[in-house]
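Written below as structure tokens is the structure these notes are about.
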Amino acid sequence: MVSRVRVWLNRTYAENVFFMDQLRRNPDDRAVEIHATHGDPDSPVPAAADTSEPEPEGLSPAAYVEYALAQCERRGIDVFVPRLHQAAIVARRAEFEAVGTALLAPPPEAVAVFHDKVTAYEAVQAIGVPVPPWWRVRTAEELVAAVDELEAHGYRACFKPASGAGGVGFRVITRAPFSLAQVSGFPSPYVPLGPVLDALREADEPVDWLVMPRLEQPEVSVDCLTGTDNRVRLAVGRTKNGRRRGFTLHEQWLEPARRIAEGFGLHHLSNIQFRMLGGRPVLMDVNTRPAGGLHQLALCGVNAPWAAVRLALGEDPGEMTPPFLGQDYTVVSGPRPLLPVPLPQQRTDADTLGAVPAPAPSVEPRTVAGAPA
């Protein structure tokens, strides 16, 4: 009898509830048990897992690794998919292997290259992958120089943190003065240059921004599955143009993505994003983790999460090509269940008369089939 596979996802994106669903609906009909930890009690991820518990707050990366090793050993984790503190975790891969846990993540060298966007751009440019022009900016004067240079070449300037994920901190520079246009309608990524410069000059410490041209659509996000032999097993592009989504196997996107994944050893799942600049694709970003939209490849008949777990377990799925490309689609939100929130103990009449109140009932972790979460 084939044993179950025990998978752990630490603090991860809400969209990964679909990643978890696909693991359970795997084509091998293999039993999968999912453990999840999270710092947000209102994330849908713990509710979607078979067992779950809150993550400790305030741990340093090194202390978090000790916590993770203890989790893996105590819960018999076969495959760990780390997002939080990924760099610190993969640096101690051998210790996880010693307790029987495979890490579904690239080696530390690959994670280090793509943690910093400037380092990443320099590295991929060296292997012939086109990148947009960029400036690393830490002061108001450097920002002015970068914006002037971009605008002189007909580009609109934008900036984002040199390290970060998920589009956090992305803004587009405009020369228009602040007006009601900035406070009417829906929130916009556009910010006037003047107030940004004022904020930089008044800041207590320098920023670390990457300034570059605003790139054009379509955005193509290539999901790659790469073996520890540095050979890509699967590469599919997900296209985005406004609300419209679709899929592509065009080599103008897949060839540079494979070159990056194989050249830097982005083992297991990675996500490599491109946009257009001057009529050609250029690299926008590289994620050394599964993308939140990875589950959308199911529309092409592909279960990428399960293929990645098999690869992590040493069961090579071989070369994978989607049997078809799904039709264009859009993304809409929908409800997902959350764990119940325990009610606080209610005050009684006896409490108000000076009686000693009964101790608050302890809240037991959620259990599945009798196993404590």
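The way I read the labels, and the way they are meant: chains A, B, ... in the order of the structure tokens, residue 1 as the first residue of every chain, and ligand 1 as the first ligand shown, with later ones counted on from there.
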
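Once range 70-75 of chain A and its same-chain neighbours fewer than 2 positions away are set aside, Arg6, Trp8, His35, Val65, Glu66, Tyr67, Ala68, Ile77, Asp78, Val79, Phe80, Phe96, Val99, Gly100 and Thr101 of chain A remain within 9 Å of it when counting only C-alpha atoms.
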
Those selected residues, please, written with C-alpha atoms and delivered as a PDB file, in the first residue's frame.
```
ATOM      1  CA  ARG A   6       2.367  14.809   4.305  1.00  0.00           C
ATOM      2  CA  TRP A   8       3.426  21.554   4.978  1.00  0.00           C
ATOM      3  CA  HIS A  35      -0.503  20.936   7.366  1.00  0.00           C
ATOM      4  CA  VAL A  65      14.357  27.532  11.069  1.00  0.00           C
ATOM      5  CA  GLU A  66      14.598  25.785  14.457  1.00  0.00           C
ATOM      6  CA  TYR A  67      10.819  26.052  14.777  1.00  0.00           C
ATOM      7  CA  ALA A  68      10.409  24.643  11.255  1.00  0.00           C
ATOM      8  CA  ILE A  77       6.429  16.185   7.099  1.00  0.00           C
ATOM      9  CA  ASP A  78       7.481  14.628   3.778  1.00  0.00           C
ATOM     10  CA  VAL A  79       7.515  17.841   1.699  1.00  0.00           C
ATOM     11  CA  PHE A  80       7.839  21.394   3.044  1.00  0.00           C
ATOM     12  CA  PHE A  96      15.593  19.011   6.945  1.00  0.00           C
ATOM     13  CA  VAL A  99      14.563  14.492   9.665  1.00  0.00           C
ATOM     14  CA  GLY A 100      13.024  13.053   6.467  1.00  0.00           C
ATOM     15  CA  THR A 101      11.701  16.283   4.927  1.00  0.00           C
TER      16      THR A 101
END
```

List as a Markdown table every residue of range 106-199 of chain A that is in contact with range 278-295 of chain A, defined as an atom at most 12 Å from one of its atoms (using only C-alpha atoms), together with the nearest atom pair and the distance in Å rounded to one decimal, sorted by chain and then rising number.
```
| residue | atom | partner | partner_atom | distance |
| --- | --- | --- | --- | --- |
| A:Pro106 | CA | A:Thr288 | CA | 6.8 |
| A:Pro107 | CA | A:Thr288 | CA | 9.7 |
| A:Pro108 | CA | A:Thr288 | CA | 10.3 |
| A:Glu109 | CA | A:Thr288 | CA | 11.1 |
| A:Ala110 | CA | A:Thr288 | CA | 7.8 |
| A:Val111 | CA | A:Thr288 | CA | 6.3 |
| A:Ala112 | CA | A:Thr288 | CA | 9.6 |
| A:Val113 | CA | A:Thr288 | CA | 9.8 |
| A:Phe114 | CA | A:Val286 | CA | 6.5 |
| A:His115 | CA | A:Thr288 | CA | 8.5 |
| A:Asp116 | CA | A:Val286 | CA | 10.0 |
| A:Lys117 | CA | A:Asp285 | CA | 7.4 |
| A:Val118 | CA | A:Asp285 | CA | 10.4 |
| A:Thr119 | CA | A:Val286 | CA | 11.4 |
| A:Ala120 | CA | A:Val286 | CA | 8.0 |
| A:Tyr121 | CA | A:Leu283 | CA | 8.0 |
| A:Glu122 | CA | A:Leu283 | CA | 11.3 |
| A:Ala123 | CA | A:Leu283 | CA | 11.6 |
| A:Val124 | CA | A:Leu283 | CA | 8.6 |
| A:Gln125 | CA | A:Leu283 | CA | 9.3 |
| A:Gly128 | CA | A:Val282 | CA | 10.9 |
| A:Val129 | CA | A:Leu283 | CA | 7.3 |
| A:Pro130 | CA | A:Val282 | CA | 5.0 |
| A:Val131 | CA | A:Val282 | CA | 4.8 |
| A:Pro132 | CA | A:Val282 | CA | 6.2 |
| A:Pro133 | CA | A:Val282 | CA | 9.9 |
| A:Trp134 | CA | A:Met284 | CA | 11.0 |
| A:His153 | CA | A:Gly278 | CA | 11.3 |
| A:Gly154 | CA | A:Gly278 | CA | 10.7 |
| A:Tyr155 | CA | A:Gly278 | CA | 10.0 |
| A:Lys160 | CA | A:Asp285 | CA | 11.3 |
| A:Pro161 | CA | A:Asp285 | CA | 11.9 |
| A:Ala162 | CA | A:Asp285 | CA | 10.8 |
| A:Ser163 | CA | A:Asp285 | CA | 10.5 |
| A:Gly164 | CA | A:Asn287 | CA | 9.9 |
| A:Ala165 | CA | A:Asn287 | CA | 7.9 |
| A:Gly166 | CA | A:Gly292 | CA | 9.4 |
| A:Gly167 | CA | A:Asp285 | CA | 10.1 |
```

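Taking CA of Ala47 in chain A and CA of Leu339 in chain A as endpoints, the distance between them is 5.2 Å.
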
Return as a ChimeraX atom specification the full set of residues in range 167-320 of chain A whose backbone-based DSSP assignment is strand (DSSP E or B). /A:171-174,190-192,209-213,216-226,232-241,244-248,268-277,280-287

Who sits within 7 Å of Gln217 in chain A, only C-alpha atoms, same chain under 5 positions skipped, as a list in words: Asn241, Arg275 and Met276 of chain A

Contacts of range 146-248 of chain A with range 311-317 of chain A up to 10 Å, shortest pair per row, only C-alpha atoms, as a Markdown table:
```
| residue | atom | partner | partner_atom | distance |
| --- | --- | --- | --- | --- |
| A:Leu225 | CA | A:Leu311 | CA | 8.9 |
| A:Thr226 | CA | A:Leu311 | CA | 8.7 |
| A:Gly227 | CA | A:Leu311 | CA | 6.9 |
| A:Thr228 | CA | A:Leu311 | CA | 8.8 |
| A:Arg233 | CA | A:Pro317 | CA | 7.8 |
| A:Leu234 | CA | A:Pro317 | CA | 9.7 |
```

Keeping all heavy atoms, export the residues of the selection given above as a PDB file, in the first residue's frame.
```
ATOM      1  N   LEU A 225       8.732  24.203 -13.838  1.00  0.00           N
ATOM      2  CA  LEU A 225       9.052  23.098 -12.938  1.00  0.00           C
ATOM      3  C   LEU A 225      10.398  22.563 -13.379  1.00  0.00           C
ATOM      4  O   LEU A 225      10.548  22.084 -14.510  1.00  0.00           O
ATOM      5  CB  LEU A 225       7.987  22.011 -13.004  1.00  0.00           C
ATOM      6  CG  LEU A 225       8.266  20.731 -12.191  1.00  0.00           C
ATOM      7  CD1 LEU A 225       8.310  21.060 -10.694  1.00  0.00           C
ATOM      8  CD2 LEU A 225       7.214  19.667 -12.467  1.00  0.00           C
ATOM      9  N   THR A 226      11.390  22.641 -12.494  1.00  0.00           N
ATOM     10  CA  THR A 226      12.774  22.321 -12.845  1.00  0.00           C
ATOM     11  C   THR A 226      13.319  21.281 -11.880  1.00  0.00           C
ATOM     12  O   THR A 226      13.142  21.396 -10.659  1.00  0.00           O
ATOM     13  CB  THR A 226      13.649  23.589 -12.789  1.00  0.00           C
ATOM     14  OG1 THR A 226      13.036  24.617 -13.583  1.00  0.00           O
ATOM     15  CG2 THR A 226      15.046  23.316 -13.304  1.00  0.00           C
ATOM     16  N   GLY A 227      13.988  20.274 -12.417  1.00  0.00           N
ATOM     17  CA  GLY A 227      14.580  19.227 -11.592  1.00  0.00           C
ATOM     18  C   GLY A 227      15.902  19.656 -10.988  1.00  0.00           C
ATOM     19  O   GLY A 227      16.491  20.674 -11.367  1.00  0.00           O
ATOM     20  N   THR A 228      16.397  18.874 -10.053  1.00  0.00           N
ATOM     21  CA  THR A 228      17.686  19.174  -9.434  1.00  0.00           C
ATOM     22  C   THR A 228      18.844  18.942 -10.401  1.00  0.00           C
ATOM     23  O   THR A 228      19.991  19.290 -10.088  1.00  0.00           O
ATOM     24  CB  THR A 228      17.879  18.326  -8.170  1.00  0.00           C
ATOM     25  OG1 THR A 228      17.728  16.935  -8.492  1.00  0.00           O
ATOM     26  CG2 THR A 228      16.858  18.693  -7.099  1.00  0.00           C
ATOM     27  N   ARG A 233      11.198  20.636 -16.608  1.00  0.00           N
ATOM     28  CA  ARG A 233      10.237  19.588 -16.961  1.00  0.00           C
ATOM     29  C   ARG A 233       8.955  20.183 -17.542  1.00  0.00           C
ATOM     30  O   ARG A 233       8.267  19.558 -18.328  1.00  0.00           O
ATOM     31  CB  ARG A 233       9.861  18.754 -15.729  1.00  0.00           C
ATOM     32  CG  ARG A 233      11.028  18.118 -14.970  1.00  0.00           C
ATOM     33  CD  ARG A 233      11.853  17.191 -15.859  1.00  0.00           C
ATOM     34  NE  ARG A 233      12.697  16.311 -15.074  1.00  0.00           N
ATOM     35  CZ  ARG A 233      13.928  16.600 -14.661  1.00  0.00           C
ATOM     36  NH1 ARG A 233      14.465  17.775 -14.967  1.00  0.00           N
ATOM     37  NH2 ARG A 233      14.637  15.732 -13.954  1.00  0.00           N
ATOM     38  N   LEU A 234       8.607  21.411 -17.105  1.00  0.00           N
ATOM     39  CA  LEU A 234       7.362  22.048 -17.535  1.00  0.00           C
ATOM     40  C   LEU A 234       7.570  23.553 -17.590  1.00  0.00           C
ATOM     41  O   LEU A 234       8.172  24.135 -16.689  1.00  0.00           O
ATOM     42  CB  LEU A 234       6.236  21.733 -16.544  1.00  0.00           C
ATOM     43  CG  LEU A 234       4.908  22.478 -16.744  1.00  0.00           C
ATOM     44  CD1 LEU A 234       4.196  21.979 -18.009  1.00  0.00           C
ATOM     45  CD2 LEU A 234       4.004  22.307 -15.531  1.00  0.00           C
TER      46      LEU A 234
END
```

Separating CA of Leu200 in chain A from CA of Phe186 in chain A, to the nearest tenth of an Å, is a gap of 25.2 Å

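The nearest approach to Asp29 in chain A among the residues A:Phe324, A:Val2, A:Arg83, A:Glu141, with only C-alpha atoms taken into account, belongs to A:Val2.
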
Shell of 6 Å around range 246-257 of chain A, only C-alpha atoms, local chain residues under 4 positions omitted, as a list in words: Val236, Gly237, Arg238, Thr239 and Asp328 of chain A

Which of range 32-185 of chain A end up as helix (DSSP H, G or I) when DSSP is run on this backbone - answer as a ChimeraX atom specification? /A:44-48,61-75,86-90,93-98,108-115,117-126,140-152,180-182

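Going from CA of His267 in chain A to CA of Asn230 in chain A covers 6.7 Å.
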
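Using only C-alpha atoms, the residues found no farther than 10 Å from Leu9 in chain A, other than those of its own chain fewer than 6 positions away, are Asn16, Phe19, Met20, Ile34, His35, Ala36, Thr37, His38, Val45, Pro46, Ala49, Ser52, Val79, Phe80, Val81, Pro82, Arg83, Leu84 and Leu104 of chain A.
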
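Here the question is which of A:Ile272, A:Val211, A:Val220, A:Ala304 gets nearest to Glu149 in chain A using only C-alpha atoms, and that residue is A:Val211.
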